[in-house]
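Heads up, the thing below is written out as structure tokens.
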Amino acid sequence: MKIAVLAETAAGEKRVAATPETVKKYLALGAIVSVESGAGAGANIPDSAFADAGATLGTRADVLAGAALVLGVQGPDPAGLPTGITLAASLNPHQSKDRLAAYAAGGVEALAMEFMPRITRAQSMDILSSQANLSGYKAVIDAAEAYGRAFPMMMTAAGTISAARAFIMGVGVAGLQAIATARRLGAVVSATDVRLATKEQIQSLGGKPVFIEDEETKAAETAGGYAKEMSDAYKAKQAALVSETIAKQDIVITTALIPGRPAPRLVTAAQVATMKPGSVIVDLAVSQGGNVEGSKADERVVTDNGVIILGFSNYPSRLAADASALFARNLLTFVTTFWDKEAKKLVLPEDDEIVKAIKVTGGGQIVHPGLQP
Ligand code: NAD
């Protein structure tokens with residue numbers, strides 16, 4: 001079975017869906033791997049490293065010819081994908097229905113890796129977690145770089161510098177890593193979420209939980225572990241809590257997402273206006289509509305009161321080498337799990353929990369129940 005690895009074409013995408021390490025593992029399974037020339041450049045992987053690992057290199061057309069599986073970070077252009085090919089990538093399905101329809105029409109069996117269920121068996125195939133973890137880390141590093149002061153408390157002969165105060169909003173995978181990173185740099189950290197289960201997690205990382213606890217938060221978590229959209233009454237209470245907390249913060253990192261919905265608005269312009277000049281906000285949800293009023297994708301915004309708001313549309317790509325290594329391993333684990341050793345090919349049983357969750361197109365149709373009109 002031939003596996004194709006394409007160069008990413010989306011603007012600002014530096015990651016690659018395979019590394020020399022995973023190429024060797026695919027070859028050990030009995031696959032052939034073909035990598036588009038230049039695919040690894042953004043992640044500091046030269047063509048020669050892929051070739052040394054045993055991959056063949058070529059143009060997009062060379063790589064796709066005869067391939068049965070194509071691996072991508074983002075969904076590739078449907079044009080030129082062979083009929084009957086399986087595609088595994090992060091496909092942004094809710095925002096890319098036209099592209100999914102084109103995959104379906106072209107006879108592509110598309111697998112949306114971000115729909116991987118949050119079950120133990122799938123943990124090491126979970127691209128959302130592997131990428132969010134790096135994003136949470138990098139957001140704090142970006143904030144520290146933009147902040148004109150130090151993070152840790154320093155007692156010096158010239159006097160004492162007080163520690164930065166960081167507030168993390170949304171404590172999923174990215175938020176937990178942001179708390180850990182801000183603590184490591186010496187900030188005093190507090191954090192909030194709608195899911196009460198995160199309270200203990202915040203404390204275990206040395207952060208202070210800032211929570212609204214009511215009947216609604218007791219049921220704010222879905223069976224899949226995600227947040228629900230909250231009521232207007234809850235949002236009003238949350239807004240009051242944010243107003244009270246945010247004026248005292250130097251660094252705010254927002255990470256709140258709701259699957260399949262626009263990101264919840266957690267910070268208003270009026271609240272930003274209460275912050276001190278030089279404070280920094282990083283909005284990790286900027287490409288899903290933003291948690292912070294006034295954040296702009298890939299722009300450094302400075303408000304009238306001197307607050308810096310950062311928002312990058314593709315955070316994992318800012319750490320492309322590590323993000324690629326983890327993404328590529330997630331894909332490798334997925335392929336290995338469903339590899340038929342005798343036939344030396346990928347076999348996806350229709351009734352498997354993982355296959356059902358991630359398969360978005362097949363038989364000429366969009367088949368995922370969550371994507372039906
Ligand atoms: P996410 O990226 O969907 O959202 C980020 C965080 O924002 C979440 O913690 C969410 O509760 C929070 N949020 C949403 N709306 C909010 C609001 N209005 N105010 C404040 N916070 C809000 O989340 P994620 O990082 O993908 O994690 C989701 C869940 O999946 C967590 O329970 C996590 O522990 C779990 N998880 C499980 C596995 C596994 O078992 N395999 C792997 C990874 C994550």
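Chain labels A, B, ... are given in the sequence in which chains occur in the structure tokens; within each chain residues are numbered consecutively from 1, and ligands are likewise numbered from 1 in the order shown.
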Please report, as JSON lines, each residue of chain A lying at most 7 Å from ligand 1, together with the nearest pair of atoms and the separation in Å rounded to one decimal; use only C-alpha atoms and all ligand atoms, and order rows by chain and ascending residue number.
{"residue": "A:Arg118", "atom": "CA", "partner": "ligand 1", "partner_atom_place_in_ligand_line": "41 (N)", "distance": 3.8}
{"residue": "A:Ile119", "atom": "CA", "partner": "ligand 1", "partner_atom_place_in_ligand_line": "41 (N)", "distance": 4.7}
{"residue": "A:Thr120", "atom": "CA", "partner": "ligand 1", "partner_atom_place_in_ligand_line": "41 (N)", "distance": 5.2}
{"residue": "A:Ala122", "atom": "CA", "partner": "ligand 1", "partner_atom_place_in_ligand_line": "41 (N)", "distance": 6.2}
{"residue": "A:Gln123", "atom": "CA", "partner": "ligand 1", "partner_atom_place_in_ligand_line": "41 (N)", "distance": 4.1}
{"residue": "A:Asp126", "atom": "CA", "partner": "ligand 1", "partner_atom_place_in_ligand_line": "42 (C)", "distance": 6.8}
{"residue": "A:Leu128", "atom": "CA", "partner": "ligand 1", "partner_atom_place_in_ligand_line": "26 (O)", "distance": 6.3}
{"residue": "A:Ser129", "atom": "CA", "partner": "ligand 1", "partner_atom_place_in_ligand_line": "43 (C)", "distance": 5.0}
{"residue": "A:Ala132", "atom": "CA", "partner": "ligand 1", "partner_atom_place_in_ligand_line": "25 (O)", "distance": 6.7}
{"residue": "A:Met169", "atom": "CA", "partner": "ligand 1", "partner_atom_place_in_ligand_line": "20 (C)", "distance": 5.7}
{"residue": "A:Gly170", "atom": "CA", "partner": "ligand 1", "partner_atom_place_in_ligand_line": "7 (O)", "distance": 3.6}
{"residue": "A:Val171", "atom": "CA", "partner": "ligand 1", "partner_atom_place_in_ligand_line": "9 (O)", "distance": 4.1}
{"residue": "A:Gly172", "atom": "CA", "partner": "ligand 1", "partner_atom_place_in_ligand_line": "25 (O)", "distance": 3.3}
{"residue": "A:Val173", "atom": "CA", "partner": "ligand 1", "partner_atom_place_in_ligand_line": "25 (O)", "distance": 3.7}
{"residue": "A:Ala174", "atom": "CA", "partner": "ligand 1", "partner_atom_place_in_ligand_line": "25 (O)", "distance": 5.7}
{"residue": "A:Gly175", "atom": "CA", "partner": "ligand 1", "partner_atom_place_in_ligand_line": "6 (C)", "distance": 6.9}
{"residue": "A:Thr192", "atom": "CA", "partner": "ligand 1", "partner_atom_place_in_ligand_line": "20 (C)", "distance": 6.1}
{"residue": "A:Asp193", "atom": "CA", "partner": "ligand 1", "partner_atom_place_in_ligand_line": "21 (N)", "distance": 3.7}
{"residue": "A:Val194", "atom": "CA", "partner": "ligand 1", "partner_atom_place_in_ligand_line": "20 (C)", "distance": 4.7}
{"residue": "A:Arg195", "atom": "CA", "partner": "ligand 1", "partner_atom_place_in_ligand_line": "11 (O)", "distance": 5.1}
{"residue": "A:Gly224", "atom": "CA", "partner": "ligand 1", "partner_atom_place_in_ligand_line": "30 (O)", "distance": 6.9}
{"residue": "A:Gly225", "atom": "CA", "partner": "ligand 1", "partner_atom_place_in_ligand_line": "32 (O)", "distance": 4.0}
{"residue": "A:Tyr226", "atom": "CA", "partner": "ligand 1", "partner_atom_place_in_ligand_line": "28 (C)", "distance": 4.5}
{"residue": "A:Ala227", "atom": "CA", "partner": "ligand 1", "partner_atom_place_in_ligand_line": "11 (O)", "distance": 4.2}
{"residue": "A:Lys228", "atom": "CA", "partner": "ligand 1", "partner_atom_place_in_ligand_line": "15 (N)", "distance": 6.7}
{"residue": "A:Glu229", "atom": "CA", "partner": "ligand 1", "partner_atom_place_in_ligand_line": "15 (N)", "distance": 6.5}
{"residue": "A:Met230", "atom": "CA", "partner": "ligand 1", "partner_atom_place_in_ligand_line": "18 (N)", "distance": 6.4}
{"residue": "A:Thr255", "atom": "CA", "partner": "ligand 1", "partner_atom_place_in_ligand_line": "5 (C)", "distance": 5.3}
{"residue": "A:Ala256", "atom": "CA", "partner": "ligand 1", "partner_atom_place_in_ligand_line": "7 (O)", "distance": 3.2}
{"residue": "A:Leu257", "atom": "CA", "partner": "ligand 1", "partner_atom_place_in_ligand_line": "4 (O)", "distance": 4.0}
{"residue": "A:Ile258", "atom": "CA", "partner": "ligand 1", "partner_atom_place_in_ligand_line": "3 (O)", "distance": 5.3}
{"residue": "A:Pro259", "atom": "CA", "partner": "ligand 1", "partner_atom_place_in_ligand_line": "3 (O)", "distance": 5.9}
{"residue": "A:Pro264", "atom": "CA", "partner": "ligand 1", "partner_atom_place_in_ligand_line": "18 (N)", "distance": 5.3}
{"residue": "A:Leu266", "atom": "CA", "partner": "ligand 1", "partner_atom_place_in_ligand_line": "18 (N)", "distance": 6.5}
Give me every helix (DSSP H, G or I) residue in region 69-188 of chain A, going by DSSP on the backbone, as a compact mmCIF listing (two decimals) with N, CA, C and O atoms, in the first residue's frame.
# COMPACT_ATOMS: atom_id res chain seq x y z
N PRO A 93 -14.11 20.26 9.73
CA PRO A 93 -15.33 19.89 9.00
C PRO A 93 -16.48 20.89 9.09
O PRO A 93 -17.14 21.13 8.08
N HIS A 94 -16.67 21.49 10.26
CA HIS A 94 -17.83 22.39 10.39
C HIS A 94 -17.69 23.64 9.53
O HIS A 94 -18.67 24.21 9.09
N GLN A 95 -16.44 24.05 9.28
CA GLN A 95 -16.23 25.27 8.49
C GLN A 95 -15.84 24.96 7.03
O GLN A 95 -15.57 25.87 6.28
N LYS A 97 -17.50 22.68 4.66
CA LYS A 97 -18.45 21.72 4.08
C LYS A 97 -18.32 21.62 2.55
O LYS A 97 -18.49 20.54 2.00
N ASP A 98 -17.97 22.75 1.89
CA ASP A 98 -17.84 22.69 0.42
C ASP A 98 -16.70 21.75 0.03
O ASP A 98 -16.80 20.97 -0.91
N ARG A 99 -15.62 21.87 0.78
CA ARG A 99 -14.47 21.01 0.49
C ARG A 99 -14.82 19.55 0.76
O ARG A 99 -14.47 18.67 -0.02
N LEU A 100 -15.55 19.30 1.85
CA LEU A 100 -15.96 17.91 2.13
C LEU A 100 -16.84 17.38 1.01
O LEU A 100 -16.70 16.22 0.59
N ALA A 101 -17.73 18.24 0.51
CA ALA A 101 -18.61 17.82 -0.59
C ALA A 101 -17.76 17.46 -1.82
O ALA A 101 -18.07 16.49 -2.54
N ALA A 102 -16.69 18.22 -2.05
CA ALA A 102 -15.81 17.93 -3.19
C ALA A 102 -15.07 16.60 -2.98
O ALA A 102 -14.89 15.83 -3.92
N TYR A 103 -14.65 16.33 -1.74
CA TYR A 103 -14.03 15.02 -1.47
C TYR A 103 -15.03 13.91 -1.78
O TYR A 103 -14.69 12.91 -2.42
N ALA A 104 -16.26 14.10 -1.28
CA ALA A 104 -17.28 13.07 -1.48
C ALA A 104 -17.50 12.84 -2.98
O ALA A 104 -17.47 11.71 -3.46
N ALA A 105 -17.66 13.94 -3.71
CA ALA A 105 -17.93 13.83 -5.16
C ALA A 105 -16.76 13.16 -5.88
O ALA A 105 -16.96 12.46 -6.87
N MET A 113 -9.47 13.92 11.56
CA MET A 113 -8.76 13.47 12.76
C MET A 113 -9.16 14.25 14.01
O MET A 113 -8.98 13.78 15.13
N GLU A 114 -9.74 15.47 13.83
CA GLU A 114 -10.15 16.22 15.02
C GLU A 114 -11.43 15.65 15.63
O GLU A 114 -11.81 16.05 16.72
N PHE A 115 -12.08 14.72 14.93
CA PHE A 115 -13.27 14.07 15.51
C PHE A 115 -12.93 12.81 16.31
O PHE A 115 -13.80 12.07 16.71
N THR A 120 -9.83 6.24 25.96
CA THR A 120 -8.45 5.84 26.29
C THR A 120 -7.73 5.26 25.08
O THR A 120 -6.58 5.59 24.80
N ARG A 121 -8.43 4.39 24.33
CA ARG A 121 -7.80 3.73 23.19
C ARG A 121 -7.31 4.73 22.15
O ARG A 121 -6.34 4.49 21.42
N ALA A 122 -7.97 5.89 22.07
CA ALA A 122 -7.63 6.85 21.02
C ALA A 122 -6.73 7.98 21.50
O ALA A 122 -6.39 8.87 20.74
N GLN A 123 -6.32 7.93 22.77
CA GLN A 123 -5.57 9.05 23.35
C GLN A 123 -4.32 9.41 22.53
O GLN A 123 -4.05 10.58 22.30
N SER A 124 -3.60 8.38 22.08
CA SER A 124 -2.36 8.68 21.36
C SER A 124 -2.61 8.98 19.87
O SER A 124 -1.66 9.14 19.11
N MET A 125 -3.88 9.04 19.47
CA MET A 125 -4.19 9.45 18.09
C MET A 125 -4.83 10.84 18.08
O MET A 125 -5.34 11.30 17.06
N ILE A 127 -5.09 14.39 17.81
CA ILE A 127 -4.35 15.57 17.33
C ILE A 127 -4.75 16.84 18.07
O ILE A 127 -3.93 17.73 18.25
N LEU A 128 -6.02 16.94 18.49
CA LEU A 128 -6.42 18.17 19.20
C LEU A 128 -5.57 18.33 20.46
O LEU A 128 -5.10 19.42 20.77
N SER A 129 -5.38 17.23 21.19
CA SER A 129 -4.61 17.33 22.43
C SER A 129 -3.14 17.62 22.14
O SER A 129 -2.53 18.47 22.78
N SER A 130 -2.56 16.90 21.18
CA SER A 130 -1.12 17.07 20.96
C SER A 130 -0.82 18.50 20.51
O SER A 130 0.19 19.09 20.91
N GLN A 131 -1.71 19.07 19.71
CA GLN A 131 -1.45 20.41 19.18
C GLN A 131 -1.82 21.48 20.21
O GLN A 131 -1.13 22.50 20.35
N ALA A 132 -2.92 21.26 20.96
CA ALA A 132 -3.36 22.26 21.95
C ALA A 132 -2.33 22.42 23.06
O ALA A 132 -2.11 23.51 23.58
N ASN A 133 -1.70 21.32 23.44
CA ASN A 133 -0.68 21.37 24.47
C ASN A 133 0.44 22.34 24.08
O ASN A 133 0.85 23.21 24.85
N LEU A 134 0.91 22.22 22.84
CA LEU A 134 1.97 23.11 22.35
C LEU A 134 1.47 24.55 22.25
O LEU A 134 2.20 25.50 22.54
N SER A 135 0.21 24.71 21.84
CA SER A 135 -0.36 26.06 21.72
C SER A 135 -0.41 26.76 23.07
O SER A 135 -0.09 27.95 23.18
N GLY A 136 -0.80 26.02 24.10
CA GLY A 136 -0.90 26.61 25.44
C GLY A 136 0.46 27.07 25.93
O GLY A 136 0.61 28.15 26.52
N TYR A 137 1.46 26.28 25.65
CA TYR A 137 2.84 26.64 26.01
C TYR A 137 3.28 27.90 25.26
O TYR A 137 3.72 28.88 25.85
N LYS A 138 3.10 27.87 23.94
CA LYS A 138 3.62 28.97 23.11
C LYS A 138 2.88 30.28 23.39
O LYS A 138 3.47 31.36 23.30
N ALA A 139 1.60 30.18 23.75
CA ALA A 139 0.84 31.40 24.06
C ALA A 139 1.47 32.15 25.23
O ALA A 139 1.56 33.38 25.23
N VAL A 140 1.93 31.40 26.23
CA VAL A 140 2.55 32.03 27.40
C VAL A 140 3.90 32.62 27.01
O VAL A 140 4.26 33.73 27.43
N ILE A 141 4.64 31.90 26.18
CA ILE A 141 5.95 32.40 25.73
C ILE A 141 5.75 33.70 24.93
O ILE A 141 6.48 34.69 25.11
N ASP A 142 4.74 33.72 24.06
CA ASP A 142 4.44 34.93 23.28
C ASP A 142 4.04 36.08 24.21
O ASP A 142 4.44 37.22 24.00
N ALA A 143 3.24 35.76 25.22
CA ALA A 143 2.80 36.80 26.17
C ALA A 143 4.02 37.36 26.91
O ALA A 143 4.15 38.57 27.08
N ALA A 144 4.91 36.46 27.32
CA ALA A 144 6.09 36.89 28.08
C ALA A 144 6.98 37.79 27.22
O ALA A 144 7.57 38.76 27.71
N GLU A 145 7.02 37.47 25.94
CA GLU A 145 7.87 38.24 25.03
C GLU A 145 7.27 39.65 24.81
O GLU A 145 8.00 40.64 24.75
N ALA A 146 5.94 39.72 24.74
CA ALA A 146 5.29 41.01 24.49
C ALA A 146 5.20 41.87 25.75
O ALA A 146 5.04 43.09 25.67
N VAL A 173 -6.90 21.22 27.41
CA VAL A 173 -5.51 20.82 27.24
C VAL A 173 -4.59 22.05 27.12
O VAL A 173 -3.56 22.13 27.80
N ALA A 174 -4.98 23.02 26.30
CA ALA A 174 -4.15 24.22 26.12
C ALA A 174 -4.07 25.02 27.42
O ALA A 174 -2.99 25.49 27.80
N GLY A 175 -5.19 25.18 28.09
CA GLY A 175 -5.22 25.98 29.32
C GLY A 175 -4.37 25.36 30.41
O GLY A 175 -3.66 26.08 31.13
N LEU A 176 -4.40 24.05 30.54
CA LEU A 176 -3.59 23.39 31.57
C LEU A 176 -2.10 23.62 31.30
O LEU A 176 -1.33 23.91 32.21
N GLN A 177 -1.72 23.52 30.03
CA GLN A 177 -0.30 23.74 29.69
C GLN A 177 0.06 25.22 29.90
O GLN A 177 1.18 25.53 30.32
N ALA A 178 -0.90 26.12 29.63
CA ALA A 178 -0.63 27.55 29.86
C ALA A 178 -0.42 27.81 31.36
O ALA A 178 0.47 28.58 31.73
N ILE A 179 -1.22 27.18 32.20
CA ILE A 179 -1.05 27.35 33.66
C ILE A 179 0.34 26.85 34.05
O ILE A 179 1.10 27.55 34.74
N ALA A 180 0.69 25.65 33.59
CA ALA A 180 1.97 25.06 33.97
C ALA A 180 3.13 25.93 33.50
O ALA A 180 4.09 26.16 34.23
N THR A 181 3.03 26.45 32.28
CA THR A 181 4.13 27.25 31.72
C THR A 181 4.25 28.59 32.45
O THR A 181 5.36 29.02 32.79
N ALA A 182 3.12 29.23 32.71
CA ALA A 182 3.15 30.52 33.41
C ALA A 182 3.71 30.35 34.82
O ALA A 182 4.47 31.18 35.32
N ARG A 183 3.36 29.25 35.47
CA ARG A 183 3.89 28.97 36.82
C ARG A 183 5.41 28.75 36.75
O ARG A 183 6.15 29.26 37.57
N ARG A 184 5.83 27.97 35.75
CA ARG A 184 7.27 27.71 35.62
C ARG A 184 8.05 29.00 35.43
O ARG A 184 9.18 29.13 35.88
From the set A:Ala236, A:Ile85, A:Ile251, A:Ala110, which residue has the shortest atom-to-atom contact distance to Ala163 (chain A), counting only C-alpha atoms?
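The closest residue to Ala163 (chain A) is A:Ile251.
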Neighbours of region 59-68 of chain A within 8 Å (only C-alpha atoms; same-chain residues fewer than 5 positions away dropped), as a PyMOL selection string?
chain A and resi 1-7+34-37+80-82+84-86
CA of Met275 (chain A) and CA of Ile161 (chain A) are how many Å apart?
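CA of Met275 (chain A) sits 19.1 Å away from CA of Ile161 (chain A).
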Nearest to Phe151 (chain A) among A:Ala223, A:Ala166, A:Ala187, A:Ala233, with distances taken over only C-alpha atoms: which residue is it?
A:Ala187
If we count only C-alpha atoms, what is near Gly289 (chain A) at a cut-off of 7 Å, once residues fewer than 3 positions away on the same chain are taken out, given as a list in words?
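Non-adjacent residues within range: Pro262, Ala263, Ala285 and Val286 of chain A.
In terms of minimum interatomic distance to Pro78 (chain A), A:Gly106 ranks closest within A:Gly106, A:Gly186, A:Gly38, A:Gly58, counting only C-alpha atoms.
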Pick the closest to Asn305 (chain A) from A:Ser162, A:Ser90, A:Gln271, A:Gln203: which is it, counting only C-alpha atoms?
A:Gln271
Could you give me the residues within region 106-332 of chain A that DSSP places in strand (DSSP E), as number ranges by chain?
A: 109-112, 154-156, 159-161, 165-169, 188-192, 208-209, 251-254, 280-283, 299-302, 308-311
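The space between CA of Asp322 (chain A) and CA of Thr22 (chain A) spans 13.5 Å.
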Name all residues at most 9 Å from Thr217 (chain A) (count only C-alpha atoms; drop same-chain ones fewer than 2 positions away) and give them as a PyMOL selection string.
chain A and resi 194-196+212-215+219-221+230+234
